[in-house]
file work-v1.cif (mmCIF, C-alpha atoms, pLDDT in the B column; chains and numbers go by the auth columns)
data_upload
loop_
_atom_site.group_PDB
_atom_site.id
_atom_site.type_symbol
_atom_site.label_atom_id
_atom_site.label_comp_id
_atom_site.label_asym_id
_atom_site.label_seq_id
_atom_site.Cartn_x
_atom_site.Cartn_y
_atom_site.Cartn_z
_atom_site.B_iso_or_equiv
_atom_site.auth_seq_id
_atom_site.auth_asym_id
ATOM 1 C CA MET A 1 0.000 0.000 0.000 72.00 1 A
ATOM 2 C CA GLN A 2 1.185 3.499 -0.790 80.00 2 A
ATOM 3 C CA ARG A 3 -0.145 6.705 0.760 80.00 3 A
ATOM 4 C CA ARG A 4 0.319 9.924 -1.204 79.00 4 A
ATOM 5 C CA THR A 5 -0.863 13.411 -0.321 84.00 5 A
ATOM 6 C CA THR A 6 -2.022 15.804 -3.021 75.00 6 A
ATOM 7 C CA SER A 7 -1.402 19.512 -3.345 80.00 7 A
ATOM 8 C CA THR A 8 -2.335 21.498 -6.411 85.00 8 A
ATOM 9 C CA PRO A 9 -2.219 25.240 -7.081 85.00 9 A
ATOM 10 C CA HIS A 10 -5.441 24.804 -9.090 82.00 10 A
ATOM 11 C CA ALA A 11 -7.502 24.532 -5.890 73.00 11 A
ATOM 12 C CA PRO A 12 -7.385 26.584 -2.691 75.00 12 A
ATOM 13 C CA ALA A 13 -4.279 25.855 -0.628 78.00 13 A
ATOM 14 C CA ALA A 14 -4.687 24.128 2.718 77.00 14 A
ATOM 15 C CA ILE A 15 -5.142 26.707 5.471 71.00 15 A
ATOM 16 C CA GLY A 16 -4.252 24.371 8.306 81.00 16 A
ATOM 17 C CA ALA A 17 -2.950 20.922 9.134 83.00 17 A
ATOM 18 C CA TYR A 18 -4.628 19.008 6.331 84.00 18 A
ATOM 19 C CA SER A 19 -3.960 17.905 2.785 81.00 19 A
ATOM 20 C CA GLN A 20 -6.199 18.644 -0.170 81.00 20 A
ATOM 21 C CA ALA A 21 -6.493 14.891 -0.735 71.00 21 A
ATOM 22 C CA VAL A 22 -4.865 11.613 0.274 76.00 22 A
ATOM 23 C CA ALA A 23 -4.638 8.783 -2.262 74.00 23 A
ATOM 24 C CA ILE A 24 -4.215 5.154 -1.251 78.00 24 A
ATOM 25 C CA THR A 25 -3.100 2.526 -3.759 76.00 25 A
ATOM 26 C CA GLY A 26 -2.817 -1.198 -3.194 78.00 26 A
ATOM 27 C CA ALA A 27 -4.564 -3.541 -0.801 77.00 27 A
ATOM 28 C CA ALA A 28 -5.423 -2.005 2.547 79.00 28 A
ATOM 29 C CA THR A 29 -7.341 -2.614 5.738 83.00 29 A
ATOM 30 C CA TRP A 30 -9.560 0.344 6.569 86.00 30 A
ATOM 31 C CA VAL A 31 -10.137 1.567 10.120 88.00 31 A
ATOM 32 C CA TYR A 32 -13.148 3.836 10.660 88.00 32 A
ATOM 33 C CA CYS A 33 -12.858 5.544 14.045 91.00 33 A
ATOM 34 C CA SER A 34 -15.899 6.894 15.816 89.00 34 A
ATOM 35 C CA GLY A 35 -15.816 10.483 16.952 93.00 35 A
ATOM 36 C CA GLN A 36 -13.803 11.103 20.097 93.00 36 A
ATOM 37 C CA ILE A 37 -14.713 13.738 22.646 92.00 37 A
ATOM 38 C CA ALA A 38 -12.717 14.819 25.692 94.00 38 A
ATOM 39 C CA LEU A 39 -13.735 11.987 28.006 90.00 39 A
ATOM 40 C CA ASP A 40 -11.092 10.780 30.446 90.00 40 A
ATOM 41 C CA PRO A 41 -10.874 7.029 29.713 90.00 41 A
ATOM 42 C CA ALA A 42 -10.142 6.232 33.366 90.00 42 A
ATOM 43 C CA THR A 43 -13.053 8.162 34.906 89.00 43 A
ATOM 44 C CA GLY A 44 -15.515 8.669 32.054 88.00 44 A
ATOM 45 C CA GLN A 45 -15.660 12.349 33.000 91.00 45 A
ATOM 46 C CA MET A 46 -15.382 15.239 30.550 92.00 46 A
ATOM 47 C CA GLN A 47 -12.043 17.074 30.492 92.00 47 A
ATOM 48 C CA ASN A 48 -13.547 20.432 29.621 82.00 48 A
ATOM 49 C CA GLY A 49 -11.436 22.983 31.468 86.00 49 A
ATOM 50 C CA SER A 50 -10.592 24.703 28.179 96.00 50 A
ATOM 51 C CA VAL A 51 -10.878 24.110 24.459 97.00 51 A
ATOM 52 C CA GLU A 52 -7.131 23.346 24.440 97.00 52 A
ATOM 53 C CA ILE A 53 -7.612 20.553 26.986 97.00 53 A
ATOM 54 C CA GLU A 54 -10.576 19.217 25.020 97.00 54 A
ATOM 55 C CA ALA A 55 -8.678 19.219 21.716 98.00 55 A
ATOM 56 C CA ARG A 56 -5.659 17.422 23.200 97.00 56 A
ATOM 57 C CA THR A 57 -7.848 14.867 24.987 94.00 57 A
ATOM 58 C CA CYS A 58 -9.800 14.192 21.759 95.00 58 A
ATOM 59 C CA MET A 59 -6.558 13.596 19.882 96.00 59 A
ATOM 60 C CA GLU A 60 -5.093 11.376 22.613 94.00 60 A
ATOM 61 C CA ASN A 61 -8.325 9.342 22.674 93.00 61 A
ATOM 62 C CA LEU A 62 -8.218 9.033 18.886 93.00 62 A
ATOM 63 C CA LYS A 63 -4.584 7.929 19.065 92.00 63 A
ATOM 64 C CA ALA A 64 -5.530 5.253 21.620 93.00 64 A
ATOM 65 C CA VAL A 65 -8.395 3.936 19.460 92.00 65 A
ATOM 66 C CA LEU A 66 -6.144 3.817 16.411 91.00 66 A
ATOM 67 C CA GLY A 67 -3.467 1.985 18.396 91.00 67 A
ATOM 68 C CA ALA A 68 -5.975 -0.589 19.633 90.00 68 A
ATOM 69 C CA SER A 69 -6.900 -1.182 15.974 87.00 69 A
ATOM 70 C CA GLY A 70 -3.285 -1.717 14.946 85.00 70 A
ATOM 71 C CA ALA A 71 -3.000 1.725 13.372 88.00 71 A
ATOM 72 C CA GLY A 72 -1.391 5.042 14.234 93.00 72 A
ATOM 73 C CA LEU A 73 -1.771 8.675 13.340 96.00 73 A
ATOM 74 C CA ARG A 74 0.567 8.119 10.359 93.00 74 A
ATOM 75 C CA ASP A 75 -2.112 5.834 8.866 93.00 75 A
ATOM 76 C CA VAL A 76 -4.922 8.399 9.036 95.00 76 A
ATOM 77 C CA VAL A 77 -6.147 9.497 5.609 93.00 77 A
ATOM 78 C CA ARG A 78 -9.239 11.525 6.598 95.00 78 A
ATOM 79 C CA CYS A 79 -10.404 13.414 9.705 97.00 79 A
ATOM 80 C CA THR A 80 -13.479 15.392 10.553 98.00 80 A
ATOM 81 C CA ILE A 81 -13.454 17.945 13.361 98.00 81 A
ATOM 82 C CA TYR A 82 -16.762 19.056 14.840 98.00 82 A
ATOM 83 C CA LEU A 83 -16.841 22.352 16.748 98.00 83 A
ATOM 84 C CA THR A 84 -19.693 23.961 18.656 98.00 84 A
ATOM 85 C CA ASP A 85 -18.061 27.373 18.144 98.00 85 A
ATOM 86 C CA MET A 86 -16.007 28.227 15.060 98.00 86 A
ATOM 87 C CA ALA A 87 -14.264 30.887 17.144 98.00 87 A
ATOM 88 C CA ASP A 88 -12.313 27.907 18.581 98.00 88 A
ATOM 89 C CA PHE A 89 -11.087 26.825 15.126 97.00 89 A
ATOM 90 C CA ASP A 90 -7.644 28.467 15.254 97.00 90 A
ATOM 91 C CA THR A 91 -6.851 26.994 18.676 98.00 91 A
ATOM 92 C CA VAL A 92 -8.069 23.507 17.769 98.00 92 A
ATOM 93 C CA ASN A 93 -6.324 23.672 14.386 97.00 93 A
ATOM 94 C CA ARG A 94 -3.015 24.564 16.055 97.00 94 A
ATOM 95 C CA ILE A 95 -3.252 21.650 18.501 98.00 95 A
ATOM 96 C CA TYR A 96 -4.493 19.233 15.828 98.00 96 A
ATOM 97 C CA GLY A 97 -1.523 20.209 13.646 97.00 97 A
ATOM 98 C CA THR A 98 0.954 19.068 16.290 98.00 98 A
ATOM 99 C CA TYR A 99 -0.382 15.519 15.866 98.00 99 A
ATOM 100 C CA PHE A 100 0.154 15.608 12.077 97.00 100 A
ATOM 101 C CA PRO A 101 3.431 17.514 11.591 94.00 101 A
ATOM 102 C CA GLU A 102 4.002 16.282 8.019 91.00 102 A
ATOM 103 C CA ASP A 103 1.804 14.899 5.238 90.00 103 A
ATOM 104 C CA PRO A 104 -1.403 15.489 7.228 94.00 104 A
ATOM 105 C CA PRO A 105 -4.623 13.716 6.263 95.00 105 A
ATOM 106 C CA ALA A 106 -7.482 15.249 4.325 93.00 106 A
ATOM 107 C CA ARG A 107 -9.813 17.033 6.730 96.00 107 A
ATOM 108 C CA ALA A 108 -13.041 18.939 7.210 96.00 108 A
ATOM 109 C CA ALA A 109 -14.026 21.157 10.134 97.00 109 A
ATOM 110 C CA ILE A 110 -17.741 21.562 10.732 98.00 110 A
ATOM 111 C CA ALA A 111 -19.714 23.801 13.096 98.00 111 A
ATOM 112 C CA VAL A 112 -22.490 21.950 14.909 98.00 112 A
ATOM 113 C CA ALA A 113 -25.264 23.011 17.285 98.00 113 A
ATOM 114 C CA GLY A 114 -24.147 20.625 20.007 97.00 114 A
ATOM 115 C CA LEU A 115 -22.050 17.591 20.899 95.00 115 A
ATOM 116 C CA PRO A 116 -22.507 14.805 23.478 92.00 116 A
ATOM 117 C CA LYS A 117 -21.808 15.605 27.155 93.00 117 A
ATOM 118 C CA GLY A 118 -21.506 19.320 26.384 95.00 118 A
ATOM 119 C CA ALA A 119 -18.255 18.805 24.472 96.00 119 A
ATOM 120 C CA ARG A 120 -16.958 21.665 22.354 98.00 120 A
ATOM 121 C CA VAL A 121 -14.762 19.472 20.122 98.00 121 A
ATOM 122 C CA GLU A 122 -15.140 16.030 18.538 96.00 122 A
ATOM 123 C CA VAL A 123 -12.692 14.366 16.134 97.00 123 A
ATOM 124 C CA GLU A 124 -13.260 11.292 13.958 95.00 124 A
ATOM 125 C CA ALA A 125 -10.853 9.603 11.559 94.00 125 A
ATOM 126 C CA ILE A 126 -10.429 7.040 8.815 94.00 126 A
ATOM 127 C CA ALA A 127 -7.115 5.171 8.589 92.00 127 A
ATOM 128 C CA ALA A 128 -5.700 2.812 5.969 91.00 128 A
ATOM 129 C CA LEU A 129 -3.328 0.003 6.885 86.00 129 A
ATOM 130 C CA ALA A 130 -1.234 -1.969 4.425 72.00 130 A
ATOM 131 C CA PHE A 131 -2.825 -5.331 3.746 56.00 131 A
ATOM 132 C CA ARG A 132 -1.903 -7.883 6.378 49.00 132 A
ATOM 133 C CA PRO A 133 -3.138 -11.427 5.632 45.00 133 A
#
call {"tool": "encode", "arguments": {"input": "work-v1.cif", "output": "structure tokens"}}
result
Amino acid sequence: MQRRTTSTPHAPAAIGAYSQAVAITGAATWVYCSGQIALDPATGQMQNGSVEIEARTCMENLKAVLGASGAGLRDVVRCTIYLTDMADFDTVNRIYGTYFPEDPPARAAIAVAGLPKGARVEVEAIAALAFRP
């Protein structure tokens, strides 16, 4: 399996930590991760002291789910970020970008009316693993 990011000057440039597209060729196992909010896995309680804490906790939870599936952040080809307030976009984008320092996945950020447990941020992902018989 090969993973290749796409960047073309014929479409708007990425304005954050995402690629315009990610192409996968060859046999792969796909991992579809459910959205992660800032729940502490040990206590089940929301970690909502700030949007920064929420964003980091979402990403750490996503990383744990990927790891349990045999994948890692390097395997992610698509993410969706849900925000209850687009005013938080720059902060969440900055934190998100630290998890994908090079060749980031394709991504969308969407404003929503609400998220479970009063969360302000939710992140979901799709990962592709090289075929493993």
call {"tool": "resolve_selection", "arguments": {"input": "work-v1.cif", "expression": "the PyMOL selection byres ((chain A and resi 10-27) around 12)", "output": "ChimeraX atom specification"}}
result
/A:1-9,28-30,74-81,89-109,126-133
call {"tool": "resolve_selection", "arguments": {"input": "work-v1.cif", "expression": "the PyMOL selection byres ((chain A and resi 54-58) around 10)", "output": "VMD selection string"}}
result
chain A and resid 35 to 41 46 to 53 59 to 64 81 88 91 to 96 98 to 99 119 to 124
call {"tool": "atom_distance", "arguments": {"input": "work-v1.cif", "atom1": "CA of Gly44 in chain A", "atom2": "CA of Ile110 in chain A"}}
result
25.0 Å
call {"tool": "resolve_selection", "arguments": {"input": "work-v1.cif", "expression": "the PyMOL selection byres ((chain A and resi 113) around 12)", "output": "MDAnalysis selection string"}}
result
chainID A and resid 82:86 110:112 114:116 118:121
call {"tool": "axis_aligned_box", "arguments": {"input": "work-v1.cif", "around": "range 10-28 of chain A", "padding_each_side": "3 Å", "output": "lines of an AutoDock Vina configuration file"}}
result
center_x = -5.2
center_y = 11.6
center_z = 0.0
size_x = 10.7
size_y = 36.2
size_z = 24.2
call {"tool": "residues_near_point", "arguments": {"input": "work-v1.cif", "point": "(-11.5, 4.9, 16.4)", "cutoff": "7 Å", "atoms": "only C-alpha atoms", "output": "number ranges by chain"}}
result
A: 32-34, 62, 65-66, 125
